[in-house]
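Chemist: Structure supplied as my_file-v8.pdb; contents: PDB, C-alpha atoms, pLDDT in the B column.
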```
ATOM      1  CA  MET A 258     130.061 141.713  68.489  1.00 42.00           C
ATOM      2  CA  SER A 259     126.561 141.391  69.756  1.00 44.00           C
ATOM      3  CA  ASP A 260     125.396 139.824  73.007  1.00 48.00           C
ATOM      4  CA  GLU A 261     122.870 137.722  71.102  1.00 48.00           C
ATOM      5  CA  PRO A 262     123.533 133.988  70.902  1.00 49.00           C
ATOM      6  CA  SER A 263     124.820 132.750  67.560  1.00 52.00           C
ATOM      7  CA  ARG A 264     122.221 131.431  65.144  1.00 58.00           C
ATOM      8  CA  GLY A 265     121.452 127.796  65.922  1.00 63.00           C
ATOM      9  CA  ALA A 266     122.875 127.925  69.452  1.00 63.00           C
ATOM     10  CA  PRO A 267     120.186 128.254  72.128  1.00 70.00           C
ATOM     11  CA  ASP A 268     120.376 130.959  74.754  1.00 75.00           C
ATOM     12  CA  SER A 269     121.146 129.288  78.124  1.00 71.00           C
ATOM     13  CA  ALA A 270     118.866 131.602  80.069  1.00 72.00           C
ATOM     14  CA  ALA A 271     115.961 130.968  77.696  1.00 70.00           C
ATOM     15  CA  VAL A 272     116.439 127.209  77.909  1.00 69.00           C
ATOM     16  CA  LEU A 273     116.581 127.273  81.701  1.00 69.00           C
ATOM     17  CA  GLN A 274     113.513 129.515  81.811  1.00 73.00           C
ATOM     18  CA  SER A 275     111.678 127.062  79.529  1.00 75.00           C
ATOM     19  CA  MET A 276     112.637 124.125  81.767  1.00 70.00           C
ATOM     20  CA  THR A 277     111.371 125.994  84.820  1.00 77.00           C
ATOM     21  CA  LEU A 278     108.106 126.775  83.073  1.00 73.00           C
ATOM     22  CA  LEU A 279     107.710 123.148  81.990  1.00 74.00           C
ATOM     23  CA  ALA A 280     108.283 121.886  85.543  1.00 72.00           C
ATOM     24  CA  THR A 281     105.762 124.406  86.873  1.00 78.00           C
ATOM     25  CA  LEU A 282     103.156 123.449  84.270  1.00 75.00           C
ATOM     26  CA  SER A 283     103.679 119.754  84.971  1.00 71.00           C
ATOM     27  CA  THR A 284     103.077 120.301  88.677  1.00 73.00           C
ATOM     28  CA  ALA A 285     100.041 122.477  87.966  1.00 76.00           C
ATOM     29  CA  GLU A 286      98.589 119.765  85.716  1.00 76.00           C
ATOM     30  CA  GLU A 287      98.911 117.170  88.489  1.00 75.00           C
ATOM     31  CA  VAL A 288      97.276 119.493  91.023  1.00 73.00           C
ATOM     32  CA  CYS A 289      94.471 120.302  88.576  1.00 78.00           C
ATOM     33  CA  LYS A 290      93.795 116.603  87.925  1.00 73.00           C
ATOM     34  CA  SER A 291      93.769 115.875  91.636  1.00 67.00           C
ATOM     35  CA  MET A 292      91.377 118.750  92.350  1.00 76.00           C
ATOM     36  CA  ALA A 293      89.068 117.675  89.517  1.00 76.00           C
ATOM     37  CA  GLU A 294      88.966 114.130  90.926  1.00 71.00           C
ATOM     38  CA  ARG A 295      88.111 115.419  94.393  1.00 69.00           C
ATOM     39  CA  HIS A 296      85.447 117.823  93.055  1.00 75.00           C
ATOM     40  CA  ALA A 297      83.906 114.884  91.210  1.00 73.00           C
ATOM     41  CA  GLY A 298      83.693 113.086  94.549  1.00 69.00           C
ATOM     42  CA  ARG A 299      86.556 110.661  93.951  1.00 68.00           C
ATOM     43  CA  ASP A 300      89.322 110.343  96.496  1.00 65.00           C
ATOM     44  CA  PRO A 301      92.369 108.911  94.710  1.00 64.00           C
ATOM     45  CA  SER A 302      93.587 107.320  97.939  1.00 65.00           C
ATOM     46  CA  ALA A 303      90.256 105.595  98.643  1.00 72.00           C
ATOM     47  CA  GLN A 304      89.334 102.064  97.667  1.00 83.00           C
ATOM     48  CA  ALA A 305      87.885 101.872  94.160  1.00 88.00           C
ATOM     49  CA  PRO A 306      85.405  99.290  92.871  1.00 91.00           C
ATOM     50  CA  PRO A 307      87.286  96.333  91.317  1.00 93.00           C
ATOM     51  CA  ASP A 308      86.267  97.034  87.705  1.00 94.00           C
ATOM     52  CA  LEU A 309      87.253 100.712  87.952  1.00 92.00           C
ATOM     53  CA  ALA A 310      90.489  99.889  89.796  1.00 94.00           C
ATOM     54  CA  ALA A 311      91.441  97.328  87.138  1.00 96.00           C
ATOM     55  CA  ALA A 312      90.722  99.756  84.273  1.00 95.00           C
ATOM     56  CA  ARG A 313      92.721 102.558  85.895  1.00 94.00           C
ATOM     57  CA  LEU A 314      95.504 100.114  86.742  1.00 97.00           C
ATOM     58  CA  HIS A 315      95.803  99.058  83.096  1.00 97.00           C
ATOM     59  CA  GLU A 316      95.774 102.685  81.961  1.00 97.00           C
ATOM     60  CA  ALA A 317      98.497 103.665  84.448  1.00 97.00           C
ATOM     61  CA  GLY A 318     100.494 100.533  83.544  1.00 98.00           C
ATOM     62  CA  ASP A 319     100.377 101.377  79.834  1.00 98.00           C
ATOM     63  CA  SER A 320     101.488 104.952  80.543  1.00 97.00           C
ATOM     64  CA  LEU A 321     104.273 103.717  82.809  1.00 98.00           C
ATOM     65  CA  MET A 322     105.498 101.224  80.203  1.00 98.00           C
ATOM     66  CA  ASP A 323     105.596 103.965  77.535  1.00 98.00           C
ATOM     67  CA  LEU A 324     107.541 106.211  79.891  1.00 97.00           C
ATOM     68  CA  LEU A 325     109.988 103.455  80.864  1.00 97.00           C
ATOM     69  CA  MET A 326     110.613 102.652  77.206  1.00 97.00           C
ATOM     70  CA  GLN A 327     111.362 106.338  76.551  1.00 95.00           C
ATOM     71  CA  LEU A 328     113.865 106.218  79.406  1.00 95.00           C
ATOM     72  CA  VAL A 329     115.430 103.048  77.997  1.00 94.00           C
ATOM     73  CA  LEU A 330     115.836 104.713  74.606  1.00 91.00           C
ATOM     74  CA  GLY A 331     117.355 107.755  76.309  1.00 85.00           C
ATOM     75  CA  GLN A 332     120.170 105.536  77.588  1.00 81.00           C
ATOM     76  CA  VAL A 333     121.597 105.013  74.104  1.00 75.00           C
ATOM     77  CA  PRO A 334     125.154 106.386  74.273  1.00 71.00           C
ATOM     78  CA  ARG A 335     125.973 109.447  72.221  1.00 69.00           C
ATOM     79  CA  GLU A 336     129.025 109.482  69.984  1.00 67.00           C
ATOM     80  CA  ASP A 337     129.697 113.192  70.268  1.00 68.00           C
ATOM     81  CA  GLU A 338     130.511 115.164  73.380  1.00 63.00           C
ATOM     82  CA  GLU A 339     127.453 116.910  74.753  1.00 64.00           C
ATOM     83  CA  GLU A 340     127.581 120.566  75.521  1.00 79.00           C
ATOM     84  CA  GLU A 341     126.900 121.511  79.120  1.00 80.00           C
ATOM     85  CA  LEU A 342     123.502 122.969  78.227  1.00 80.00           C
ATOM     86  CA  ALA A 343     122.467 119.865  76.262  1.00 79.00           C
ATOM     87  CA  HIS A 344     123.541 117.688  79.172  1.00 79.00           C
ATOM     88  CA  ALA A 345     121.476 119.827  81.579  1.00 82.00           C
ATOM     89  CA  VAL A 346     118.401 119.532  79.335  1.00 84.00           C
ATOM     90  CA  ARG A 347     118.784 115.742  79.070  1.00 84.00           C
ATOM     91  CA  HIS A 348     119.158 115.483  82.855  1.00 84.00           C
ATOM     92  CA  PHE A 349     116.074 117.664  83.359  1.00 87.00           C
ATOM     93  CA  ASP A 350     114.104 115.462  80.958  1.00 90.00           C
ATOM     94  CA  LEU A 351     115.246 112.366  82.853  1.00 90.00           C
ATOM     95  CA  LEU A 352     114.135 113.845  86.186  1.00 90.00           C
ATOM     96  CA  MET A 353     110.745 114.907  84.798  1.00 92.00           C
ATOM     97  CA  LYS A 354     110.148 111.409  83.433  1.00 94.00           C
ATOM     98  CA  LEU A 355     111.252 109.793  86.687  1.00 95.00           C
ATOM     99  CA  ARG A 356     108.856 112.024  88.653  1.00 94.00           C
ATOM    100  CA  ARG A 357     106.038 111.043  86.297  1.00 96.00           C
ATOM    101  CA  ALA A 358     106.989 107.364  86.692  1.00 97.00           C
ATOM    102  CA  GLU A 359     106.930 107.784  90.467  1.00 96.00           C
ATOM    103  CA  ARG A 360     103.381 109.174  90.333  1.00 95.00           C
ATOM    104  CA  LEU A 361     102.240 106.377  88.024  1.00 97.00           C
ATOM    105  CA  VAL A 362     103.678 103.690  90.300  1.00 98.00           C
ATOM    106  CA  THR A 363     101.905 105.324  93.251  1.00 96.00           C
ATOM    107  CA  THR A 364      98.639 105.221  91.293  1.00 95.00           C
ATOM    108  CA  MET A 365      99.200 101.581  90.391  1.00 97.00           C
ATOM    109  CA  HIS A 366      99.953 100.722  94.011  1.00 97.00           C
ATOM    110  CA  GLN A 367      96.688 102.335  95.146  1.00 95.00           C
ATOM    111  CA  HIS A 368      94.681 100.413  92.568  1.00 96.00           C
ATOM    112  CA  LEU A 369      96.428  97.160  93.448  1.00 97.00           C
ATOM    113  CA  LEU A 370      95.391  97.731  97.057  1.00 95.00           C
ATOM    114  CA  SER A 371      91.810  98.154  95.843  1.00 95.00           C
ATOM    115  CA  LEU A 372      92.050  94.775  94.118  1.00 96.00           C
ATOM    116  CA  TYR A 373      93.535  92.924  97.085  1.00 95.00           C
ATOM    117  CA  PRO A 374      93.110  89.954  97.785  1.00 95.00           C
ATOM    118  CA  THR A 375      92.550  89.084  94.118  1.00 96.00           C
ATOM    119  CA  VAL A 376      96.124  90.211  93.404  1.00 97.00           C
ATOM    120  CA  SER A 377      99.126  88.820  95.205  1.00 97.00           C
ATOM    121  CA  GLU A 378     100.586  90.528  98.202  1.00 97.00           C
ATOM    122  CA  THR A 379     104.032  90.225  96.602  1.00 98.00           C
ATOM    123  CA  LEU A 380     102.897  92.264  93.603  1.00 98.00           C
ATOM    124  CA  ILE A 381     101.649  95.003  95.909  1.00 97.00           C
ATOM    125  CA  GLU A 382     105.004  94.931  97.728  1.00 98.00           C
ATOM    126  CA  GLU A 383     106.819  95.087  94.395  1.00 98.00           C
ATOM    127  CA  ALA A 384     104.968  98.314  93.581  1.00 98.00           C
ATOM    128  CA  ARG A 385     106.316  99.792  96.799  1.00 98.00           C
ATOM    129  CA  HIS A 386     109.865  98.653  96.004  1.00 97.00           C
ATOM    130  CA  VAL A 387     109.724 100.082  92.473  1.00 98.00           C
ATOM    131  CA  HIS A 388     108.407 103.365  93.866  1.00 98.00           C
ATOM    132  CA  ASP A 389     111.198 103.518  96.451  1.00 96.00           C
ATOM    133  CA  GLU A 390     113.892 102.866  93.840  1.00 95.00           C
ATOM    134  CA  VAL A 391     112.540 105.527  91.488  1.00 95.00           C
ATOM    135  CA  GLU A 392     112.299 107.990  94.373  1.00 94.00           C
ATOM    136  CA  THR A 393     115.891 107.215  95.368  1.00 92.00           C
ATOM    137  CA  LEU A 394     117.048 107.891  91.805  1.00 90.00           C
ATOM    138  CA  ILE A 395     115.326 111.275  91.819  1.00 89.00           C
ATOM    139  CA  GLU A 396     116.747 112.354  95.159  1.00 88.00           C
ATOM    140  CA  VAL A 397     120.229 110.860  94.989  1.00 77.00           C
ATOM    141  CA  ASN A 398     123.434 112.793  94.693  1.00 61.00           C
ATOM    142  CA  PRO A 399     124.975 111.842  91.303  1.00 56.00           C
ATOM    143  CA  GLU A 400     128.287 111.004  93.009  1.00 56.00           C
ATOM    144  CA  ALA A 401     126.691 108.674  95.586  1.00 57.00           C
ATOM    145  CA  GLU A 402     127.910 105.094  95.332  1.00 59.00           C
ATOM    146  CA  THR A 403     124.859 103.461  96.948  1.00 62.00           C
ATOM    147  CA  ALA A 404     122.313 104.725  94.439  1.00 60.00           C
ATOM    148  CA  PRO A 405     120.522 102.197  92.244  1.00 73.00           C
ATOM    149  CA  ASP A 406     121.548 102.227  88.596  1.00 88.00           C
ATOM    150  CA  LEU A 407     119.002 103.576  86.130  1.00 91.00           C
ATOM    151  CA  PRO A 408     119.101 100.452  83.917  1.00 93.00           C
ATOM    152  CA  ASP A 409     118.358  98.235  86.947  1.00 94.00           C
ATOM    153  CA  VAL A 410     115.441 100.428  88.016  1.00 95.00           C
ATOM    154  CA  LEU A 411     114.080 100.493  84.466  1.00 96.00           C
ATOM    155  CA  GLU A 412     114.292  96.709  84.230  1.00 97.00           C
ATOM    156  CA  ARG A 413     112.510  96.314  87.561  1.00 97.00           C
ATOM    157  CA  GLY A 414     109.825  98.816  86.500  1.00 98.00           C
ATOM    158  CA  ILE A 415     109.213  97.036  83.199  1.00 98.00           C
ATOM    159  CA  SER A 416     109.031  93.681  84.998  1.00 98.00           C
ATOM    160  CA  PHE A 417     106.529  95.181  87.442  1.00 98.00           C
ATOM    161  CA  VAL A 418     104.254  96.376  84.614  1.00 98.00           C
ATOM    162  CA  VAL A 419     104.424  92.989  82.884  1.00 98.00           C
ATOM    163  CA  TRP A 420     103.711  91.196  86.173  1.00 98.00           C
ATOM    164  CA  THR A 421     100.736  93.485  86.794  1.00 98.00           C
ATOM    165  CA  ARG A 422      99.361  92.775  83.321  1.00 97.00           C
ATOM    166  CA  HIS A 423      99.703  89.065  84.017  1.00 97.00           C
ATOM    167  CA  GLU A 424      97.842  89.180  87.342  1.00 96.00           C
ATOM    168  CA  VAL A 425      95.090  91.671  86.485  1.00 93.00           C
TER     169      VAL A 425
END
```
Represent the supplied structure as structure tokens.
Modeler:
Amino acid sequence: MSDEPSRGAPDSAAVLQSMTLLATLSTAEEVCKSMAERHAGRDPSAQAPPDLAAARLHEAGDSLMDLLMQLVLGQVPREDEEEELAHAVRHFDLLMKLRRAERLVTTMHQHLLSLYPTVSETLIEEARHVHDEVETLIEVNPEAETAPDLPDVLERGISFVVWTRHEV
């Protein structure tokens, strides 16, 4: 018998190495974007002109909606039992998408602040609540009983995007 994985079955170490590389590249991409913005003289945390803030808000909202819909589709129950490795990959994918959603909500919150007082204070507060719920999902222990449920967070996130589209 050989130590090689059977044909069709992925090697656990290779999959975990790929997930680590993907997480590293995702972080590097965010840092690179942030550095490029700062080198171009734009501070992402600073107030933006209303037209620019609105355009970036719509862009971030569209990206967030796409991501939330992917997460909704990922909730479809599977008929077969998942292998441990497949479960780990699905969980990793969920966490990566939640981290991306967290960054997008932060971006939307910043742009909503740039548009205040033309947008409601409650919408700005809702951005903070959505961010906090997503962050809690990322950091929570899976066995914790006080954690928000993913479907509830997804519903709140989708409602937030729709509300933002309505106001801006």
Chemist: Step by step: start from the point (94.2, 92.5, 95.0) in the file's coordinates, keep every protein, DNA or RNA residue that has an atom no farther than 10 Å from it, count all atoms listed in the file, and write the set as a PyMOL selection string.
Modeler: chain A and resi 307+310-311+368-378+380-381+424-425
Chemist: Could you tell me how far atom CA of A:Lys290 sits from atom CA of A:Thr421, in Å to one decimal place?
Modeler: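 Here the two named atoms are 24.2 Å from each other.
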Chemist: Measure the distance from atom CA of A:Val387 to atom CA of A:Arg347 in Å and round it to one decimal.
Modeler: 22.5 Å
Chemist: Tell me, in Å to one decimal, how far atom CA of A:Glu359 is from atom CA of A:Pro334.
Modeler: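 About the pair atom CA of A:Glu359 and atom CA of A:Pro334: they are 24.4 Å apart.
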Chemist: Could you list, with a cut-off of 9 Å and counting only C-alpha atoms, the residues of stretch 264-381 of chain A near stretch 409-413 of chain A, each shown with its nearest atom pair and the distance in Å rounded to one decimal, rows sorted by chain and ascending number, as CSV?
Modeler:
```
residue,atom,partner,partner_atom,distance
A:Leu325,CA,A:Leu411,CA,6.2
A:Met326,CA,A:Leu411,CA,8.3
A:Leu328,CA,A:Leu411,CA,7.6
A:Val329,CA,A:Leu411,CA,7.1
```
Chemist: Go through A:Ala271, A:His423, A:Glu392, A:Arg357 and flag the residue nearest A:Ala317, using only C-alpha atoms for the distances.
Modeler: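 With only C-alpha atoms as the atom set, the closest residue is A:Arg357.
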Chemist: What lies within 12 Å of stretch 286-289 of chain A using only C-alpha atoms, ignoring chain neighbours under 4 positions off, as a PyMOL selection string?
Modeler: chain A and resi 279-282+293-296+356-357+360-361
Chemist: Considering only C-alpha atoms, can you say which of A:Val346, A:Ala384, A:Val333, A:Val391 comes closest to A:Ala358?
Modeler: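 Counting only C-alpha atoms, the residue closest to A:Ala358 is A:Val391.
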